[in-house]
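Written out below as structure tokens is the structure these notes cover.
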Amino acid sequence: MGVDAQCRGLVSSFLQAGELAQLAPAAASAYFLDVDGTLLEIKPRPQDVSADAPLRELLSRLAAGLNGALALVSGRAVDDLDQIFAPCSFPSAGLHGAEIRFADGARSRAESAVMDAARPELRLFAQTHPGLMLEDKGATLALHYRQRPELADEVRAALEKFARRPGLAVQEGKMVAELKQAQYEKGTAIEALLAARPFCGRTPVFIGDDLTDESGFDFVNRAGGVTIRVGAVGPTAARFFLSDPLAVRTQLRHVAATLDA
Ligand SMILES: O=P(O)(O)OC[C@H]1O[C@H](O[C@H]2O[C@H](CO)[C@@H](O)[C@H](O)[C@H]2O)[C@H](O)[C@@H](O)[C@@H]1O
């Protein structure tokens with residue numbers, strides 16, 4: 001059995017060439033796009049990532065064709081997304097939903113003070129385990145172990161200690177684990193963006209690649225939208241798969257091409 005058939009067996013299937021443009025036409029859709037692993041290939045370190053000019057141009061063109069209904073939905077902070085996509089700036093949900101910048105520029109932000117108790121200990125933990133990297137994003141604290149994969153369990157244990165406190169949780173990702181406030185998820189962030197202009201009244205599409213994206217898939221499925229998981233075939237709430245960020249870009253180019261027609 002081919003990979004495609006196996007996927008169909010799991011309910012999800014690979015999107016065919018140009019299929020996204022048919023499933024989610026620009027005139028009626030709102031596009032929500034995860035960043036790392038979806039729009040951009042995974043790199044050794046978070047700071048190695050930047051959006052190339054063709055991608056920025058594609059997203060800008062799409063955003064215009066969608067009447068502005070295109071948002072980034074990321075685990076990164078919104079300010080970080082702005083740097084990665086500069087000079088472009090899109091409506092964005094950052095920190096797994098803990099902060100949102102709406103299309104009109106209004107912002108909601110989570111308190112960073114909630115991480116104050118954990119910050120010094122996790123900083124020391126990273127300093128005393130060479131190769132680990134603490135990414136302090138203010139309202140969340142991420143410990144990256146890509147250079148020391150054998151420390152995954154220790155990293156999780158260090159975070160779990162703080163996640164026992166009410167309202168906190170550990171978010172797992174690709175060679176990273178992160179302390180965050182449990183109430184914030186990508187699904188609730190997409191819901192908030194979709195309720196506001198220019199997204200409201202449109203059918204949502206969400207493309208993501210990681211565990212943090214599953215709440216987004218759940219919400220978008222409930223809203224009758226299109227959900228796509230990028231990368232390895234496996235258990236997911238998404239209805240479709242794409243192989244990698246290049247395949248995502250190819251699908252988005254097809255959507256952009258329909259804007260010329
Ligand atoms: O929700 P996303 O936009 O996918 O962001 C998830 C995390 O992405 C970044 O970390 C990941 O990408 C890095 C660069 O490719 C990679 O080095 C790291 O191992 C990955 O976990 C970012 O640093 C995190 O803050 C995001 O939560």
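Residue names in the structure tokens use chain letters A, B, ... in the order shown, residue numbers from 1 in each chain, and ligand numbers from 1 in the order shown.
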Within-6 Å residues of ligand 1, basis only C-alpha atoms and all ligand atoms, as a compact mmCIF listing (two decimals) with N, CA, C and O atoms, in the first residue's frame:
```
# COMPACT_ATOMS: atom_id res chain seq x y z
N ASP A 34 0.85 28.40 10.26
CA ASP A 34 1.93 28.19 11.22
C ASP A 34 3.25 28.56 10.53
O ASP A 34 3.32 28.60 9.29
N VAL A 35 4.31 28.79 11.30
CA VAL A 35 5.55 29.29 10.70
C VAL A 35 6.63 28.20 10.63
O VAL A 35 6.91 27.66 9.56
N ASP A 36 7.25 27.87 11.78
CA ASP A 36 8.37 26.92 11.76
C ASP A 36 7.89 25.52 11.40
O ASP A 36 7.00 24.97 12.04
N GLY A 37 8.49 24.95 10.36
CA GLY A 37 8.12 23.61 9.92
C GLY A 37 6.96 23.61 8.94
O GLY A 37 6.65 22.57 8.37
N ILE A 42 12.75 23.71 9.27
CA ILE A 42 13.39 23.69 10.59
C ILE A 42 14.90 23.85 10.44
O ILE A 42 15.52 23.25 9.55
N LYS A 43 15.48 24.70 11.28
CA LYS A 43 16.93 24.94 11.27
C LYS A 43 17.51 24.55 12.63
O LYS A 43 16.76 24.39 13.60
N PRO A 44 18.85 24.47 12.72
CA PRO A 44 19.43 24.04 14.01
C PRO A 44 19.05 24.92 15.18
O PRO A 44 18.84 24.44 16.29
N ARG A 45 18.98 26.25 14.96
CA ARG A 45 18.68 27.16 16.08
C ARG A 45 17.55 28.11 15.69
O ARG A 45 17.43 28.49 14.51
N PRO A 46 16.74 28.55 16.64
CA PRO A 46 15.62 29.45 16.32
C PRO A 46 16.04 30.72 15.59
O PRO A 46 15.36 31.19 14.69
N VAL A 49 16.51 31.30 11.45
CA VAL A 49 15.36 31.30 10.53
C VAL A 49 15.05 32.71 10.04
O VAL A 49 15.03 33.65 10.82
N SER A 74 1.72 31.17 15.52
CA SER A 74 3.02 30.60 15.83
C SER A 74 3.26 30.43 17.33
O SER A 74 2.59 31.04 18.15
N GLY A 75 4.27 29.62 17.64
CA GLY A 75 4.75 29.57 19.02
C GLY A 75 5.70 30.71 19.31
O GLY A 75 6.02 30.98 20.46
N ARG A 76 6.19 31.35 18.29
CA ARG A 76 7.09 32.50 18.47
C ARG A 76 6.32 33.72 18.93
O ARG A 76 5.11 33.82 18.75
N ARG A 146 17.67 20.50 20.85
CA ARG A 146 18.06 19.95 19.53
C ARG A 146 19.54 19.53 19.50
O ARG A 146 19.89 18.56 18.84
N GLY A 173 7.20 20.37 21.58
CA GLY A 173 7.37 20.71 20.17
C GLY A 173 8.52 19.93 19.57
O GLY A 173 8.92 18.89 20.12
N LYS A 174 9.06 20.43 18.48
CA LYS A 174 10.14 19.73 17.79
C LYS A 174 11.46 20.04 18.48
O LYS A 174 12.00 21.13 18.34
N MET A 175 11.95 19.08 19.28
CA MET A 175 13.19 19.25 20.04
C MET A 175 13.12 20.44 20.98
O MET A 175 14.12 21.12 21.21
N VAL A 176 11.93 20.69 21.50
CA VAL A 176 11.72 21.80 22.42
C VAL A 176 10.57 21.45 23.35
O VAL A 176 9.66 20.69 22.99
```
- Name the residues in contact with Leu66 of chain A at a cut-off of 10 Å, using only C-alpha atoms, excluding same-chain residues fewer than 6 positions from it; report them as a PyMOL selection string. chain A and resi 25-31+60+198-199+202+256+259
Preceding selection exported with N, CA and C atoms as a tab-separated table (two decimals), in the first residue's frame:
```tsv
chain	number	residue	atom	x	y	z
A	25	PRO	N	-11.04	28.61	-1.79
A	25	PRO	CA	-10.84	29.72	-2.73
A	25	PRO	C	-10.64	31.05	-2.00
A	26	ALA	N	-9.80	31.90	-2.59
A	26	ALA	CA	-9.42	33.15	-1.93
A	26	ALA	C	-10.63	34.02	-1.60
A	27	ALA	N	-11.64	34.00	-2.44
A	27	ALA	CA	-12.77	34.92	-2.24
A	27	ALA	C	-13.53	34.64	-0.95
A	28	ALA	N	-13.47	33.38	-0.46
A	28	ALA	CA	-14.33	33.01	0.66
A	28	ALA	C	-13.57	32.48	1.87
A	29	SER	N	-12.24	32.50	1.82
A	29	SER	CA	-11.47	31.82	2.87
A	29	SER	C	-10.63	32.78	3.70
A	30	ALA	N	-10.30	32.31	4.89
A	30	ALA	CA	-9.35	33.01	5.77
A	30	ALA	C	-8.21	32.03	6.01
A	31	TYR	N	-6.98	32.45	5.72
A	31	TYR	CA	-5.82	31.57	5.83
A	31	TYR	C	-5.07	31.82	7.13
A	60	SER	N	2.36	38.28	0.87
A	60	SER	CA	1.78	39.62	0.72
A	60	SER	C	0.73	39.64	-0.38
A	198	PRO	N	-10.57	41.26	9.08
A	198	PRO	CA	-11.37	40.92	7.91
A	198	PRO	C	-11.64	39.42	7.78
A	199	PHE	N	-11.40	38.68	8.88
A	199	PHE	CA	-11.53	37.22	8.82
A	199	PHE	C	-12.98	36.75	8.94
A	202	ARG	N	-15.64	34.36	6.74
A	202	ARG	CA	-14.89	33.52	5.82
A	202	ARG	C	-14.68	32.12	6.42
A	256	ALA	N	-2.55	31.77	-5.17
A	256	ALA	CA	-2.21	33.12	-5.65
A	256	ALA	C	-2.48	33.24	-7.16
A	259	LEU	N	-5.76	34.38	-8.33
A	259	LEU	CA	-6.08	35.80	-8.17
A	259	LEU	C	-5.91	36.54	-9.50
```
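Between atom CA of Glu99 of chain A and atom CA of Ala77 of chain A lies a distance of 7.6 Å.
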- Residues near segment 227-238 of chain A, cut-off 10 Å, only C-alpha atoms, skip fewer than 5 positions along chain, as a PyMOL selection string: chain A and resi 3-4+6-7+10-15+20+32-34+37-39+204-211+213-221+243-245+247-248
- Give me the residues within 12 Å of Ala53 of chain A as a ChimeraX atom specification, counting only C-alpha atoms and dropping any in the same chain fewer than 2 places off. /A:50-51,55-60,84-88
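For the residues A:Gln16, A:Ser108, A:Gln47, A:Asp80, ranking by smallest atom-to-atom distance to Leu193 of chain A using only C-alpha atoms places A:Ser108 first.
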- Message: Taking only C-alpha atoms into account, name the residue in A:Leu134, A:Leu246, A:Leu141, A:Ala113 that is nearest to Gln171 of chain A.
- Response: A:Leu141
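Atom CA of Gly187 of chain A is found 16.0 Å from atom CA of Ala110 of chain A.
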- Task: Check the DSSP output for the backbone and give back, as a PyMOL selection string, the residues of segment 41-227 of chain A in strand (DSSP E or B).
- Result: chain A and resi 70-73+92-94+99-101+107-108+133-136+141-144+168-173+176-181+203-208+226-227
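Between atom CA of Ala177 of chain A and atom CA of Tyr145 of chain A the separation is 8.3 Å.
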- Find, counting only C-alpha atoms, the residue in A:Val255, A:Ala98, A:Ala195, A:Ala152 that gets nearest to Glu111 of chain A. A:Ala98
- Query: Please, which residues of segment 12-261 of chain A, numbered as in this document, come out alpha helix (DSSP H) from DSSP, as an NGL selection string?
  - Reply: :A and (19-23 or 53-65 or 78-85 or 119-127 or 152-163 or 186-194 or 214-222 or 245-258)
- Rank A:Leu252, A:Leu81, A:Ala189, A:Val155 by their smallest atom-to-atom distance to Ala63 of chain A, using only C-alpha atoms, and report the top residue only. A:Leu252
